[in-house]
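What follows is a short report on a single structure.
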2 protein chains.
Amino acid sequence: MTPSFEALQKQLKLLPGVGYRSAERMAIHLLLEKPQSAEDLLASIQAAISRVKSCPNCGNICEEEDLCKICQNPKRNEDARLCIVEHVSDLMVMEKSGSYDGLYHVLGGKLSPINGIGPNDINFASLKPRIEKNSISEIILALTNDIEGEATCHYIGDALSDMDVTITRIGFGLPSGGSILYSDPVTLKSALDARKSI
Amino acid sequence: MTPSFEALQKQLKLLPGVGYRSAERMAIHLLLEKPQSAEDLLASIQAAISRVKSCPNCGNICEEEDLCKICQNPKRNEDARLCIVEHVSDLMVMEKSGSYDGLYHVLGGKLSPINGIGPNDINFASLKPRIEKNSISEIILALTNDIEGEATCHYIGDALSDMDVTITRIGFGLPSGGSILYSDPVTLKSALDARKSI
């Protein structure tokens, strides 16, 4: 192994879900087995770095356009709903589920006093103006089910209490296909708390 | 998702062991979560593409030097052994095992008449001159234990029959930690054929 090979392997290992062995296999693939794929990957990273930017409205990704496709689509505001998510990746998962057709607002994180992350460190300031501008009637909080997600929901709920908007948070409980046997105690507690009469 | 994002995801998906979801996670990581890592990966691919080349002697990778580190090291020829492997990745695994300290010869593939791969399509022509030049006394064939590996070993054995060199092939059998219970029939047959008195 040579210095540049090892440097490339080290960079590949930083990708999520990639360990030492996978990074080595990838470096071998790129440099030795399919040299063309290294050129192609290079070109696509360069293109993506230069083109992909953040939608100034919601925080989703966009390219040539001024706003992202969702913000551009007037149909997405028909029900005047705004879903608040932590990251663009969460937005992507929501979109793929096909179960939501409203607007989004990407916070870019969640409040974490212990890590020194306050309201000014996330994309919060633009939320109120957006609610007014789009005449939003319902805010759906789709944040992680953990302490920081909880704190962020409380903060947003308090901060928007003077606005004429319904604030909801997505439900918690057993995931689809989830068995009681393999559920953790916290999930089971959420599921029990969220029980409904049938 | 935007066109450049999807193009990058598609390129990442071509890496070995990377599926659709992993490629998406990687693209998100590179473009949204850690933009610096995209720049770093870009730089390391560029550097590796321009620097890493093939050792003209054995086929291993090298960089600035004329020959790879193994060919440069006179100690590696003390026992006058030459290990023939298919790919540089095989050489790397052999090196990491620490169980071999001789020279290598990377074929860059194996004979496969069915796929039209003959002796001229692999790094075979330079083998005889190397054996003579380095006064090699033993050729160790470390090729895959499959039909094409078998055919390649036979071909090399025949082609070198007029030379004063011992030709061996690495042993086959149960891998380290391998249990009889989970062994396939072909491995068990190899293991039985390779039995030794104790």
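Every chain in the structure tokens takes a letter, A first, then B, and so on in the order presented; its residues are numbered from 1, and the ligands are numbered from 1 following the presented order.
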Define the interface residues of chain B facing chain A as those within 6 Å, counting only C-alpha atoms, and report them as a VMD selection string. chain B and resid 4 to 5 8 11 15 to 16 26 41 44 48
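The list of residues with at least one atom within 10 Å of Ile156 in chain B, based on only C-alpha atoms and without residues fewer than 3 positions apart in the same chain, reads Ile84, Pro119, Phe124, Leu127, Ile139, Leu141, Ala151, Thr152, Cys153, Ala159, Leu160, Ser161 and Ile167 of chain B.
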Interatomic distance, CA of Met163 in chain B to CA of His105 in chain B (Å, one decimal):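 Distance reported for this atom pair: 16.9 Å.
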If you run DSSP on this backbone, which residues of range 68-181 of chain A come out as strand (DSSP E), and could you give them as number ranges by chain? A: 81-85, 103-106, 138-141, 166-169
From range 21-193 of chain A, collect each residue whose DSSP state is helix (DSSP H, G or I) and return the set as a PyMOL selection string. chain A and resi 21-33+35-51+69-72+74-77+88-97+113-115+119-121+127-133+147-159+185-193
Kindly export the residues of the current selection with C-alpha atoms, as a PDB file, in the first residue's frame.
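Contents of again36.pdb, freshly written:
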ATOM      1  CA  ARG A  21     -11.994  -3.330   5.298  1.00  0.00           C
ATOM      2  CA  SER A  22     -14.784  -1.777   3.211  1.00  0.00           C
ATOM      3  CA  ALA A  23     -12.702   1.359   2.699  1.00  0.00           C
ATOM      4  CA  GLU A  24      -9.827  -0.795   1.473  1.00  0.00           C
ATOM      5  CA  ARG A  25     -12.105  -2.659  -0.931  1.00  0.00           C
ATOM      6  CA  MET A  26     -13.490   0.651  -2.210  1.00  0.00           C
ATOM      7  CA  ALA A  27     -10.000   2.111  -2.726  1.00  0.00           C
ATOM      8  CA  ILE A  28      -8.924  -1.030  -4.597  1.00  0.00           C
ATOM      9  CA  HIS A  29     -12.088  -0.838  -6.708  1.00  0.00           C
ATOM     10  CA  LEU A  30     -11.536   2.835  -7.527  1.00  0.00           C
ATOM     11  CA  LEU A  31      -7.805   2.738  -8.183  1.00  0.00           C
ATOM     12  CA  LEU A  32      -7.152  -0.723  -9.529  1.00  0.00           C
ATOM     13  CA  GLU A  33     -10.263  -2.527 -10.691  1.00  0.00           C
ATOM     14  CA  PRO A  35     -10.186   3.358 -12.772  1.00  0.00           C
ATOM     15  CA  GLN A  36     -13.043   4.934 -14.771  1.00  0.00           C
ATOM     16  CA  SER A  37     -15.278   4.802 -11.695  1.00  0.00           C
ATOM     17  CA  ALA A  38     -12.767   6.954  -9.793  1.00  0.00           C
ATOM     18  CA  GLU A  39     -12.980   9.600 -12.529  1.00  0.00           C
ATOM     19  CA  ASP A  40     -16.781   9.390 -12.525  1.00  0.00           C
ATOM     20  CA  LEU A  41     -17.013   9.643  -8.742  1.00  0.00           C
ATOM     21  CA  LEU A  42     -14.627  12.589  -8.814  1.00  0.00           C
ATOM     22  CA  ALA A  43     -16.770  14.392 -11.406  1.00  0.00           C
ATOM     23  CA  SER A  44     -20.008  13.740  -9.538  1.00  0.00           C
ATOM     24  CA  ILE A  45     -18.604  14.984  -6.211  1.00  0.00           C
ATOM     25  CA  GLN A  46     -17.301  18.129  -7.918  1.00  0.00           C
ATOM     26  CA  ALA A  47     -20.635  18.748  -9.657  1.00  0.00           C
ATOM     27  CA  ALA A  48     -22.626  18.156  -6.484  1.00  0.00           C
ATOM     28  CA  ILE A  49     -20.368  20.399  -4.357  1.00  0.00           C
ATOM     29  CA  SER A  50     -20.685  23.255  -6.825  1.00  0.00           C
ATOM     30  CA  ARG A  51     -24.404  22.881  -7.588  1.00  0.00           C
ATOM     31  CA  LYS A  69     -39.084  21.942  -5.720  1.00  0.00           C
ATOM     32  CA  ILE A  70     -41.352  21.636  -2.680  1.00  0.00           C
ATOM     33  CA  CYS A  71     -41.399  25.370  -1.930  1.00  0.00           C
ATOM     34  CA  GLN A  72     -41.971  26.087  -5.631  1.00  0.00           C
ATOM     35  CA  PRO A  74     -48.173  25.799  -4.809  1.00  0.00           C
ATOM     36  CA  LYS A  75     -50.068  22.521  -4.230  1.00  0.00           C
ATOM     37  CA  ARG A  76     -47.828  21.782  -1.228  1.00  0.00           C
ATOM     38  CA  ASN A  77     -49.404  24.715   0.642  1.00  0.00           C
ATOM     39  CA  VAL A  88     -32.737  17.214   5.073  1.00  0.00           C
ATOM     40  CA  SER A  89     -32.283  13.461   5.355  1.00  0.00           C
ATOM     41  CA  ASP A  90     -35.418  13.304   7.536  1.00  0.00           C
ATOM     42  CA  LEU A  91     -37.276  15.319   4.906  1.00  0.00           C
ATOM     43  CA  MET A  92     -36.177  12.804   2.256  1.00  0.00           C
ATOM     44  CA  VAL A  93     -37.502   9.898   4.284  1.00  0.00           C
ATOM     45  CA  MET A  94     -40.814  11.711   4.858  1.00  0.00           C
ATOM     46  CA  GLU A  95     -41.103  12.397   1.116  1.00  0.00           C
ATOM     47  CA  LYS A  96     -40.377   8.807   0.207  1.00  0.00           C
ATOM     48  CA  SER A  97     -43.052   7.536   2.602  1.00  0.00           C
ATOM     49  CA  PRO A 113     -28.275  22.982  26.122  1.00  0.00           C
ATOM     50  CA  ILE A 114     -25.689  20.417  27.255  1.00  0.00           C
ATOM     51  CA  ASN A 115     -23.864  20.842  23.911  1.00  0.00           C
ATOM     52  CA  PRO A 119     -32.349  28.552  19.262  1.00  0.00           C
ATOM     53  CA  ASN A 120     -29.883  30.804  17.443  1.00  0.00           C
ATOM     54  CA  ASP A 121     -27.796  27.817  16.372  1.00  0.00           C
ATOM     55  CA  LEU A 127     -40.012  29.964  11.288  1.00  0.00           C
ATOM     56  CA  LYS A 128     -42.425  32.640  12.507  1.00  0.00           C
ATOM     57  CA  PRO A 129     -42.165  34.783   9.340  1.00  0.00           C
ATOM     58  CA  ARG A 130     -42.790  31.633   7.257  1.00  0.00           C
ATOM     59  CA  ILE A 131     -45.900  30.717   9.272  1.00  0.00           C
ATOM     60  CA  GLU A 132     -47.273  34.205   8.663  1.00  0.00           C
ATOM     61  CA  LYS A 133     -46.279  34.403   5.007  1.00  0.00           C
ATOM     62  CA  ILE A 147     -34.755  14.184  25.242  1.00  0.00           C
ATOM     63  CA  GLU A 148     -33.384  16.831  22.894  1.00  0.00           C
ATOM     64  CA  GLY A 149     -36.255  16.321  20.446  1.00  0.00           C
ATOM     65  CA  GLU A 150     -38.644  16.680  23.374  1.00  0.00           C
ATOM     66  CA  ALA A 151     -36.947  19.901  24.527  1.00  0.00           C
ATOM     67  CA  THR A 152     -37.046  21.317  20.994  1.00  0.00           C
ATOM     68  CA  CYS A 153     -40.769  20.547  20.694  1.00  0.00           C
ATOM     69  CA  HIS A 154     -41.464  22.255  24.031  1.00  0.00           C
ATOM     70  CA  TYR A 155     -39.452  25.290  23.020  1.00  0.00           C
ATOM     71  CA  ILE A 156     -41.236  25.627  19.658  1.00  0.00           C
ATOM     72  CA  GLY A 157     -44.609  25.104  21.343  1.00  0.00           C
ATOM     73  CA  ASP A 158     -43.875  27.927  23.816  1.00  0.00           C
ATOM     74  CA  ALA A 159     -42.397  30.243  21.193  1.00  0.00           C
ATOM     75  CA  PRO A 185     -38.958  -0.424  27.563  1.00  0.00           C
ATOM     76  CA  VAL A 186     -39.104   3.233  26.426  1.00  0.00           C
ATOM     77  CA  THR A 187     -40.865   2.341  23.172  1.00  0.00           C
ATOM     78  CA  LEU A 188     -43.334   0.170  25.066  1.00  0.00           C
ATOM     79  CA  LYS A 189     -44.047   3.011  27.472  1.00  0.00           C
ATOM     80  CA  SER A 190     -44.636   5.401  24.519  1.00  0.00           C
ATOM     81  CA  ALA A 191     -46.884   2.810  22.891  1.00  0.00           C
ATOM     82  CA  LEU A 192     -48.915   2.320  26.081  1.00  0.00           C
ATOM     83  CA  ASP A 193     -49.213   6.082  26.596  1.00  0.00           C
TER      84      ASP A 193
END
